Amino acid sequence: LVLGTVLNNAGYGINIVVLDGTKGEVIKTGHFDMYGGDVKTLIDFLKSIEKSSIVLMATYDDSSTKLNDEARKAIAELGSSHIQSLGFRDNWLFVGGKGVAGKSNFEKYLKNDQSTNKYDGWPEIIELQGCIPSFLE
């Protein structure tokens, strides 16, 4: 377990875990409220991620209200295909890497749609599984 409320490192918005891409060890975590918080703290966090890091992201509640073009671009540069589409209360999971060319194969996105939501006002839970490759030293 690297992220969760039980570890007191997750919250509303975008939750991030940065791993050492060669050893798999947690370097840092952060959660960024994109409804009531400041997007600059997210941008600063993203800029501080070192090359050859693996980045895990998960949304909780609203993750897009204050998400601007600069933040979306920084996440897209980590390999996200869906960050440009992320909207109010959409569910999104993503694993990318700093310094990786191309798009990640580890991403799931589910649009918040009142006509198809499984729960009152909320889309269904999404999961992501797979074997994430490491960076070579």
# chains A, B, ... in the order shown; residues from 1 in each chain; ligands from 1
$ residues_around --residues "segment 117-122 of chain A" --least-positions-apart "4" --cutoff "10 Å" --atoms "only C-alpha atoms" --output "tab-separated table (two decimals) with N, CA, C and O atoms, in the first residue's frame"
chain	number	residue	atom	x	y	z
A	61	ASP	N	-13.19	12.53	-6.03
A	61	ASP	CA	-14.11	13.66	-6.09
A	61	ASP	C	-13.73	14.53	-7.29
A	61	ASP	O	-13.46	14.00	-8.36
A	89	ARG	N	-15.65	15.46	-11.49
A	89	ARG	CA	-15.93	14.16	-10.87
A	89	ARG	C	-15.75	12.96	-11.79
A	89	ARG	O	-16.32	11.89	-11.55
A	90	ASP	N	-14.97	13.10	-12.85
A	90	ASP	CA	-14.62	11.93	-13.66
A	90	ASP	C	-13.67	11.05	-12.85
A	90	ASP	O	-12.92	11.55	-12.00
A	91	ASN	N	-13.72	9.75	-13.10
A	91	ASN	CA	-12.77	8.82	-12.47
A	91	ASN	C	-11.60	8.61	-13.42
A	91	ASN	O	-11.80	8.38	-14.62
A	110	LEU	N	-13.10	7.18	-16.78
A	110	LEU	CA	-14.55	6.98	-16.82
A	110	LEU	C	-15.22	8.32	-16.61
A	110	LEU	O	-15.05	8.97	-15.57
A	111	LYS	N	-15.97	8.76	-17.61
A	111	LYS	CA	-16.66	10.05	-17.59
A	111	LYS	C	-17.79	10.05	-16.57
A	111	LYS	O	-18.53	9.08	-16.44
A	112	ASN	N	-17.92	11.15	-15.84
A	112	ASN	CA	-19.04	11.38	-14.94
A	112	ASN	C	-20.25	11.74	-15.80
A	112	ASN	O	-20.28	12.81	-16.39
A	113	ASP	N	-21.21	10.84	-15.91
A	113	ASP	CA	-22.38	11.04	-16.75
A	113	ASP	C	-23.61	10.63	-15.95
A	113	ASP	O	-23.79	9.45	-15.62
$ residues_around --residues "Thr29 of chain A" --least-positions-apart "4" --cutoff "7 Å" --atoms "only C-alpha atoms" --output "list in words"
Asn9, Ile16, Val17 and Val18 of chain A
$ residues_around --residues "Gly24 of chain A" --least-positions-apart "2" --cutoff "9 Å" --atoms "only C-alpha atoms" --output "list in words"
Leu19, Asp20, Gly21, Thr22, Val26, Ile27, Ser53, Ile54 and Ser134 of chain A
$ write_last_selection --atoms "N, CA, C and O atoms" --output "short mmCIF file (atom, residue, chain, number, x, y, z; two decimals), in the first residue's frame"
data_model
loop_
_atom_site.label_atom_id
_atom_site.label_comp_id
_atom_site.auth_asym_id
_atom_site.auth_seq_id
_atom_site.Cartn_x
_atom_site.Cartn_y
_atom_site.Cartn_z
N LEU A 19 7.60 7.15 -7.65
CA LEU A 19 8.48 6.04 -7.31
C LEU A 19 9.82 6.19 -8.01
O LEU A 19 9.88 6.70 -9.14
N ASP A 20 10.87 5.72 -7.37
CA ASP A 20 12.16 5.59 -8.02
C ASP A 20 11.98 4.56 -9.13
O ASP A 20 11.59 3.42 -8.86
N GLY A 21 12.23 4.95 -10.36
CA GLY A 21 11.95 4.09 -11.51
C GLY A 21 12.87 2.90 -11.66
O GLY A 21 12.58 2.00 -12.43
N THR A 22 13.98 2.87 -10.92
CA THR A 22 14.87 1.71 -11.01
C THR A 22 14.71 0.78 -9.82
O THR A 22 14.89 -0.43 -9.95
N VAL A 26 9.18 4.35 -2.89
CA VAL A 26 8.43 5.60 -2.87
C VAL A 26 9.38 6.76 -2.60
O VAL A 26 10.14 6.74 -1.62
N ILE A 27 9.35 7.76 -3.46
CA ILE A 27 10.15 8.97 -3.29
C ILE A 27 9.33 10.02 -2.55
O ILE A 27 9.79 10.62 -1.59
N SER A 53 11.57 8.62 -13.05
CA SER A 53 10.62 8.35 -11.97
C SER A 53 9.35 7.77 -12.56
O SER A 53 8.94 8.15 -13.66
N ILE A 54 8.73 6.86 -11.83
CA ILE A 54 7.41 6.33 -12.18
C ILE A 54 6.39 7.13 -11.38
O ILE A 54 6.58 7.36 -10.19
N SER A 134 10.24 -1.16 -15.16
CA SER A 134 11.12 -0.21 -14.49
C SER A 134 12.07 0.42 -15.51
O SER A 134 12.18 -0.05 -16.64
#
$ closest_residue --among "A:Thr116, A:His31, A:Thr65, A:Phe106" --to "Asn8 of chain A" --atoms "only C-alpha atoms"
A:His31
$ residues_around --residues "Asp44 of chain A" --least-positions-apart "2" --cutoff "12 Å" --atoms "only C-alpha atoms" --output "PyMOL selection string"
chain A and resi 30+32+38-42+46-49+70-71+74
$ closest_residue --among "A:Leu67, A:Val55, A:Gln84, A:Phe45" --to "Asp33 of chain A" --atoms "only C-alpha atoms"
A:Leu67
$ closest_residue --among "A:Leu7, A:Ala101, A:Leu86, A:Leu136" --to "Thr59 of chain A" --atoms "only C-alpha atoms"
A:Leu86
$ select_by_dssp --residues "segment 14-135 of chain A" --states "strand (DSSP E or B)" --output "VMD selection string"
chain A and resid 14 to 20 26 to 32 53 to 60 91 to 97 106 to 110 119 122
$ write_last_selection --atoms "C-alpha atoms" --output "PDB file, in the first residue's frame"
ATOM      1  CA  ILE A  14      -5.501  14.358  -7.683  1.00  0.00           C
ATOM      2  CA  ASN A  15      -3.473  11.926  -5.591  1.00  0.00           C
ATOM      3  CA  ILE A  16       0.097  11.217  -6.697  1.00  0.00           C
ATOM      4  CA  VAL A  17       2.821   8.728  -5.770  1.00  0.00           C
ATOM      5  CA  VAL A  18       6.297   9.156  -7.246  1.00  0.00           C
ATOM      6  CA  LEU A  19       8.476   6.035  -7.313  1.00  0.00           C
ATOM      7  CA  ASP A  20      12.165   5.594  -8.025  1.00  0.00           C
ATOM      8  CA  VAL A  26       8.428   5.599  -2.868  1.00  0.00           C
ATOM      9  CA  ILE A  27      10.152   8.971  -3.286  1.00  0.00           C
ATOM     10  CA  LYS A  28       7.211  11.208  -2.377  1.00  0.00           C
ATOM     11  CA  THR A  29       3.447  11.493  -2.349  1.00  0.00           C
ATOM     12  CA  GLY A  30       1.008  14.362  -2.647  1.00  0.00           C
ATOM     13  CA  HIS A  31      -2.665  15.152  -2.977  1.00  0.00           C
ATOM     14  CA  PHE A  32      -3.964  18.254  -4.662  1.00  0.00           C
ATOM     15  CA  SER A  53      10.623   8.346 -11.972  1.00  0.00           C
ATOM     16  CA  ILE A  54       7.413   6.331 -12.184  1.00  0.00           C
ATOM     17  CA  VAL A  55       4.320   8.409 -11.411  1.00  0.00           C
ATOM     18  CA  LEU A  56       1.012   6.960 -10.176  1.00  0.00           C
ATOM     19  CA  MET A  57      -2.090   9.202 -10.174  1.00  0.00           C
ATOM     20  CA  ALA A  58      -5.656   8.635  -8.995  1.00  0.00           C
ATOM     21  CA  THR A  59      -8.595  11.008  -8.680  1.00  0.00           C
ATOM     22  CA  TYR A  60     -11.072  11.381  -5.863  1.00  0.00           C
ATOM     23  CA  ASN A  91     -12.770   8.819 -12.469  1.00  0.00           C
ATOM     24  CA  TRP A  92      -9.187   8.532 -13.698  1.00  0.00           C
ATOM     25  CA  LEU A  93      -6.214   6.288 -12.908  1.00  0.00           C
ATOM     26  CA  PHE A  94      -2.830   6.716 -14.524  1.00  0.00           C
ATOM     27  CA  VAL A  95       0.701   5.357 -14.342  1.00  0.00           C
ATOM     28  CA  GLY A  96       3.345   7.195 -16.326  1.00  0.00           C
ATOM     29  CA  GLY A  97       6.980   8.123 -16.222  1.00  0.00           C
ATOM     30  CA  PHE A 106      -1.544   2.125 -17.901  1.00  0.00           C
ATOM     31  CA  GLU A 107      -4.498   4.503 -17.853  1.00  0.00           C
ATOM     32  CA  LYS A 108      -8.243   4.232 -17.246  1.00  0.00           C
ATOM     33  CA  TYR A 109     -10.817   6.972 -17.559  1.00  0.00           C
ATOM     34  CA  LEU A 110     -14.545   6.981 -16.823  1.00  0.00           C
ATOM     35  CA  TYR A 119     -23.952   5.656  -7.812  1.00  0.00           C
ATOM     36  CA  TRP A 122     -20.825   9.303  -9.127  1.00  0.00           C
TER      37      TRP A 122
END
$ atom_distance --atom1 "atom CA of Ile43 of chain A" --atom2 "atom CA of Glu124 of chain A"
28.1 Å
$ select_by_dssp --residues "segment 42-96 of chain A" --states "helix (DSSP H, G or I)" --output "list in words"
Leu42, Ile43, Asp44, Phe45, Leu46, Lys47, Asp69, Glu70, Ala71, Arg72, Lys73, Ala74, Ile75 and Ala76 of chain A
$ closest_residue --among "A:Ala10, A:Met34, A:Val2, A:Val100" --to "Gly79 of chain A" --atoms "only C-alpha atoms"
A:Val100
$ closest_residue --among "A:Lys103, A:Phe135, A:Lys66, A:Gly11" --to "Ser81 of chain A" --atoms "only C-alpha atoms"
A:Lys103
